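So this one's coords05.pdb, PDB, C-alpha atoms:
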```pdb
MODEL        1
ATOM      1  CA  MET S   1       0.000   0.000   0.000
ATOM      2  CA  THR S   2       1.131   3.528  -0.623
ATOM      3  CA  THR S   3       1.948   5.899   2.210
ATOM      4  CA  GLN S   4      -1.025   8.106   1.321
ATOM      5  CA  LEU S   5      -3.415   5.176   1.341
ATOM      6  CA  LEU S   6      -2.115   4.007   4.728
ATOM      7  CA  ALA S   7      -2.510   7.519   6.153
ATOM      8  CA  LEU S   8      -6.076   7.711   4.829
ATOM      9  CA  LEU S   9      -6.857   4.277   6.237
ATOM     10  CA  ARG S  10      -5.530   5.317   9.683
ATOM     11  CA  ARG S  11      -7.713   8.445   9.626
ATOM     12  CA  VAL S  12     -10.829   6.509   8.657
ATOM     13  CA  LEU S  13     -10.208   3.824  11.277
ATOM     14  CA  ALA S  14      -9.631   6.451  13.989
ATOM     15  CA  LEU S  15     -12.905   8.180  13.141
ATOM     16  CA  LEU S  16     -14.815   4.894  13.015
ATOM     17  CA  LEU S  17     -13.387   3.915  16.385
ATOM     18  CA  ILE S  18     -14.471   7.205  17.932
ATOM     19  CA  VAL S  19     -17.984   7.047  16.479
ATOM     20  CA  GLY S  20     -18.381   3.390  17.427
ATOM     21  CA  MET S  21     -17.280   3.925  20.993
ATOM     22  CA  LEU S  22     -19.445   6.996  21.507
ATOM     23  CA  ALA S  23     -22.510   5.344  19.994
ATOM     24  CA  GLY S  24     -22.044   1.983  21.643
ATOM     25  CA  HIS S  25     -21.561   2.829  25.275
ATOM     26  CA  GLY S  26     -22.413   5.930  27.284
ATOM     27  CA  ASP S  27     -19.405   5.625  29.578
ATOM     28  CA  VAL S  28     -16.743   5.206  26.895
ATOM     29  CA  ALA S  29     -15.122   7.851  24.737
ATOM     30  CA  ILE S  30     -11.794   8.893  23.326
ATOM     31  CA  ALA S  31     -10.653  12.098  21.732
ATOM     32  CA  ALA S  32      -8.714  12.212  18.519
ATOM     33  CA  VAL S  33      -6.974  15.400  17.534
ATOM     34  CA  GLU S  34      -6.101  15.849  13.883
ATOM     35  CA  GLN S  35      -2.566  17.120  13.397
ATOM     36  CA  PRO S  36      -1.449  19.352  10.475
ATOM     37  CA  ASN S  37      -0.014  16.294   8.714
ATOM     38  CA  GLY S  38      -3.476  14.695   8.694
ATOM     39  CA  GLU S  39      -2.692  12.074  11.333
ATOM     40  CA  TYR S  40      -4.402  11.751  14.722
ATOM     41  CA  ASP S  41      -2.957  11.850  18.205
ATOM     42  CA  VAL S  42      -5.168  10.322  20.862
ATOM     43  CA  ALA S  43      -5.700  12.354  24.030
ATOM     44  CA  VAL S  44      -7.094  11.621  27.480
ATOM     45  CA  VAL S  45     -10.711  12.480  28.257
ATOM     46  CA  GLU S  46     -11.899  13.579  31.664
ATOM     47  CA  HIS S  47     -15.374  12.076  32.118
ATOM     48  CA  LEU S  48     -17.849  13.508  34.611
ATOM     49  CA  ARG S  49     -21.524  12.876  35.276
ATOM     50  CA  VAL S  50     -23.635  15.205  37.402
ATOM     51  CA  LYS S  51     -27.250  15.180  38.550
ATOM     52  CA  VAL S  52     -29.169  17.753  36.500
ATOM     53  CA  PRO S  53     -32.950  17.775  36.978
ATOM     54  CA  ALA S  54     -34.927  18.882  33.935
ATOM     55  CA  ALA S  55     -35.987  22.082  35.690
ATOM     56  CA  GLY S  56     -32.339  22.947  36.361
ATOM     57  CA  ARG S  57     -30.881  22.222  32.944
ATOM     58  CA  GLN S  58     -30.572  25.877  31.891
ATOM     59  CA  ALA S  59     -29.166  26.882  35.294
ATOM     60  CA  TRP S  60     -26.519  24.146  34.968
ATOM     61  CA  LEU S  61     -25.492  25.368  31.523
ATOM     62  CA  GLU S  62     -25.328  28.993  32.709
ATOM     63  CA  ALA S  63     -23.205  28.050  35.719
ATOM     64  CA  GLU S  64     -20.865  26.059  33.453
ATOM     65  CA  ARG S  65     -20.534  29.010  31.054
ATOM     66  CA  GLY S  66     -19.787  31.403  33.890
ATOM     67  CA  SER S  67     -17.184  29.298  35.660
ATOM     68  CA  TRP S  68     -15.611  26.226  34.079
ATOM     69  CA  GLU S  69     -15.826  27.323  30.444
ATOM     70  CA  PRO S  70     -13.636  30.470  30.689
ATOM     71  CA  TRP S  71     -11.240  28.845  33.145
ATOM     72  CA  LEU S  72     -10.728  25.721  31.040
ATOM     73  CA  ALA S  73     -10.066  27.815  27.932
ATOM     74  CA  GLN S  74      -6.960  29.212  29.660
ATOM     75  CA  GLN S  75      -5.495  25.867  30.738
ATOM     76  CA  PRO S  76      -2.450  24.420  28.935
ATOM     77  CA  GLY S  77      -3.384  21.181  27.210
ATOM     78  CA  PHE S  78      -7.147  21.832  27.175
ATOM     79  CA  LEU S  79      -8.516  20.750  23.788
ATOM     80  CA  GLY S  80     -12.264  21.186  24.246
ATOM     81  CA  ARG S  81     -15.307  19.719  25.923
ATOM     82  CA  GLU S  82     -18.828  18.524  25.318
ATOM     83  CA  LEU S  83     -21.758  19.030  27.652
ATOM     84  CA  LEU S  84     -24.427  16.397  27.124
ATOM     85  CA  TRP S  85     -27.741  15.929  28.890
ATOM     86  CA  ASP S  86     -29.700  12.727  29.416
ATOM     87  CA  GLY S  87     -33.313  13.734  29.984
ATOM     88  CA  GLU S  88     -34.388  10.246  31.006
ATOM     89  CA  ARG S  89     -31.797   9.981  33.779
ATOM     90  CA  GLU S  90     -31.704  13.728  34.398
ATOM     91  CA  GLU S  91     -27.921  13.674  34.241
ATOM     92  CA  GLY S  92     -25.337  15.850  32.593
ATOM     93  CA  THR S  93     -22.248  14.263  31.077
ATOM     94  CA  LEU S  94     -19.094  16.271  30.553
ATOM     95  CA  LEU S  95     -16.355  15.008  28.268
ATOM     96  CA  ILE S  96     -13.285  17.204  28.642
ATOM     97  CA  ARG S  97     -10.428  16.531  26.233
ATOM     98  CA  TRP S  98      -6.822  17.075  27.271
ATOM     99  CA  ALA S  99      -3.664  16.924  25.159
ATOM    100  CA  SER S 100      -1.996  14.848  27.869
ATOM    101  CA  ARG S 101      -2.804  13.391  31.245
ATOM    102  CA  ALA S 102       0.218  15.189  32.718
ATOM    103  CA  GLN S 103      -1.096  18.618  31.683
ATOM    104  CA  TRP S 104      -4.507  17.850  33.139
ATOM    105  CA  LYS S 105      -3.210  16.448  36.421
ATOM    106  CA  GLN S 106      -0.653  19.210  37.050
ATOM    107  CA  ILE S 107      -3.420  21.755  37.660
ATOM    108  CA  PRO S 108      -3.290  22.669  41.363
ATOM    109  CA  GLU S 109      -6.195  21.314  43.409
ATOM    110  CA  ALA S 110      -6.710  24.767  44.949
ATOM    111  CA  GLU S 111      -7.476  26.204  41.489
ATOM    112  CA  ILE S 112     -10.005  23.467  40.780
ATOM    113  CA  GLU S 113     -11.670  24.027  44.150
ATOM    114  CA  ALA S 114     -11.909  27.781  43.498
ATOM    115  CA  VAL S 115     -13.567  27.252  40.111
ATOM    116  CA  GLN S 116     -15.919  24.656  41.614
ATOM    117  CA  GLU S 117     -16.918  27.140  44.321
ATOM    118  CA  ARG S 118     -17.636  29.758  41.633
ATOM    119  CA  PHE S 119     -19.713  27.173  39.722
ATOM    120  CA  GLU S 120     -21.728  26.319  42.841
ATOM    121  CA  GLN S 121     -22.349  30.002  43.654
ATOM    122  CA  LEU S 122     -23.660  30.624  40.136
ATOM    123  CA  ALA S 123     -25.736  27.414  40.265
ATOM    124  CA  ARG S 124     -27.294  28.342  43.620
ATOM    125  CA  ARG S 125     -28.107  31.816  42.367
ATOM    126  CA  ALA S 126     -29.720  30.415  39.193
ATOM    127  CA  THR S 127     -31.718  27.726  41.022
ATOM    128  CA  GLY S 128     -32.638  29.729  44.107
ATOM    129  CA  GLU S 129     -30.982  27.214  46.447
ATOM    130  CA  ASN S 130     -29.245  28.558  49.555
ATOM    131  CA  GLN S 131     -26.506  26.004  50.133
ATOM    132  CA  GLY S 132     -24.613  23.092  48.658
ATOM    133  CA  ASN S 133     -24.164  22.090  45.063
ATOM    134  CA  PRO S 134     -27.433  21.959  43.088
ATOM    135  CA  PHE S 135     -25.731  19.645  40.572
ATOM    136  CA  PRO S 136     -23.805  17.028  42.570
ATOM    137  CA  LEU S 137     -21.109  14.889  40.997
ATOM    138  CA  LEU S 138     -22.262  11.301  40.344
ATOM    139  CA  PHE S 139     -19.212   9.927  38.549
ATOM    140  CA  GLU S 140     -15.657  11.005  37.884
ATOM    141  CA  GLY S 141     -13.268   9.115  35.655
ATOM    142  CA  GLU S 142     -10.805   9.281  32.844
ATOM    143  CA  LEU S 143     -10.767   7.556  29.505
ATOM    144  CA  GLN S 144      -7.696   6.680  27.515
ATOM    145  CA  PRO S 145      -7.117   4.827  24.267
ATOM    146  CA  ALA S 146      -7.116   1.071  24.547
ATOM    147  CA  ALA S 147      -4.050   0.686  22.336
TER     148      ALA S 147
ENDMDL
END
```

Re-express the file's structure as structure tokens.
Amino acid sequence: MTTQLLALLRRVLALLLIVGMLAGHGDVAIAAVEQPNGEYDVAVVEHLRVKVPAAGRQAWLEAERGSWEPWLAQQPGFLGRELLWDGEREEGTLLIRWASRAQWKQIPEAEIEAVQERFEQLARRATGENQGNPFPLLFEGELQPAA
């Protein structure tokens, strides 16, 4: 096979793998980042699930936009994220893509706690709750390529 054909085949297989994993299982995902040469580097995905009642969906999104979204955009290694909502389970799923596990894990815990506190303040204000986190964490994990 030619080098171009092999490169195309790798790209197609990477995309099929991503689509298949996302469609086949709600707790499995990987992130593929296309490089300028057309090849893909696989990155780690931070996977979170939070309780988001239907009535609080908009408040959750607003709190995310006012806290985590701007902070994440400034972090080295942050590639992007998806916010998904499961209306049947009333859960939000966050898939946060990082260029490397090391970049993600080197963020000081104090910074994460400060952003979480900002998120909770915004969430309480939007939901009218007086204390606690209106959208508690149900699951926290990380996903990496199998190969």

Practice problem: List every protein, DNA or RNA residue that has at least one atom no more than 10 Å from (-33.0, 17.1, 37.1) in the file's coordinates, counting all atoms listed in the file, and write the result as a count of residues only. | Solution: 19

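Across S:Leu48, S:Ser100, S:Glu117, S:Glu111, the tightest approach to Glu82 in chain S is made by S:Leu48 when counting only C-alpha atoms.
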
Quiz item: Hey, can you check how far CA of Glu129 in chain S sits from CA of Ala110 in chain S?
Solution: 24.4 Å

Quiz item: So which one's closest to Arg65 in chain S, S:Phe119, S:Gly132, S:Leu79, S:Ile112? Using only C-alpha atoms, please.
Solution: S:Phe119

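When all atoms listed in the file are used to measure the gap to Gln58 in chain S, the shortest distance among S:Gln144, S:Thr127, S:Asn133, S:Gln121 belongs to S:Thr127.
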
Practice problem: Pick out the closest residue to Glu69 in chain S from this set: S:Arg124, S:Ile107, S:Val115, S:Leu137. Count all atoms listed in the file. | Solution: S:Val115

Self-check item: Distance criterion (all atoms listed in the file): nearest to Glu120 in chain S out of S:Phe78, S:Ile96, S:Trp71, S:Pro136
Solution: S:Pro136

Quiz item: Hey, what comes out of the PyMOL selection byres ((chain S and resi 126) around 8) on this file? Could you write it as number ranges by chain?
Solution: S: 59, 62-63, 122-125, 127-128

Can you sort out the box for range 102-109 of chain S, edges along x, y and z, all listed atoms in, 8 Å on every side, with centre and edge lengths in Å to one decimal, as AutoDock Vina command-line options?
```
--center_x -3.0 --center_y 18.9 --center_z 37.5 --size_x 22.4 --size_y 23.5 --size_z 27.7
```
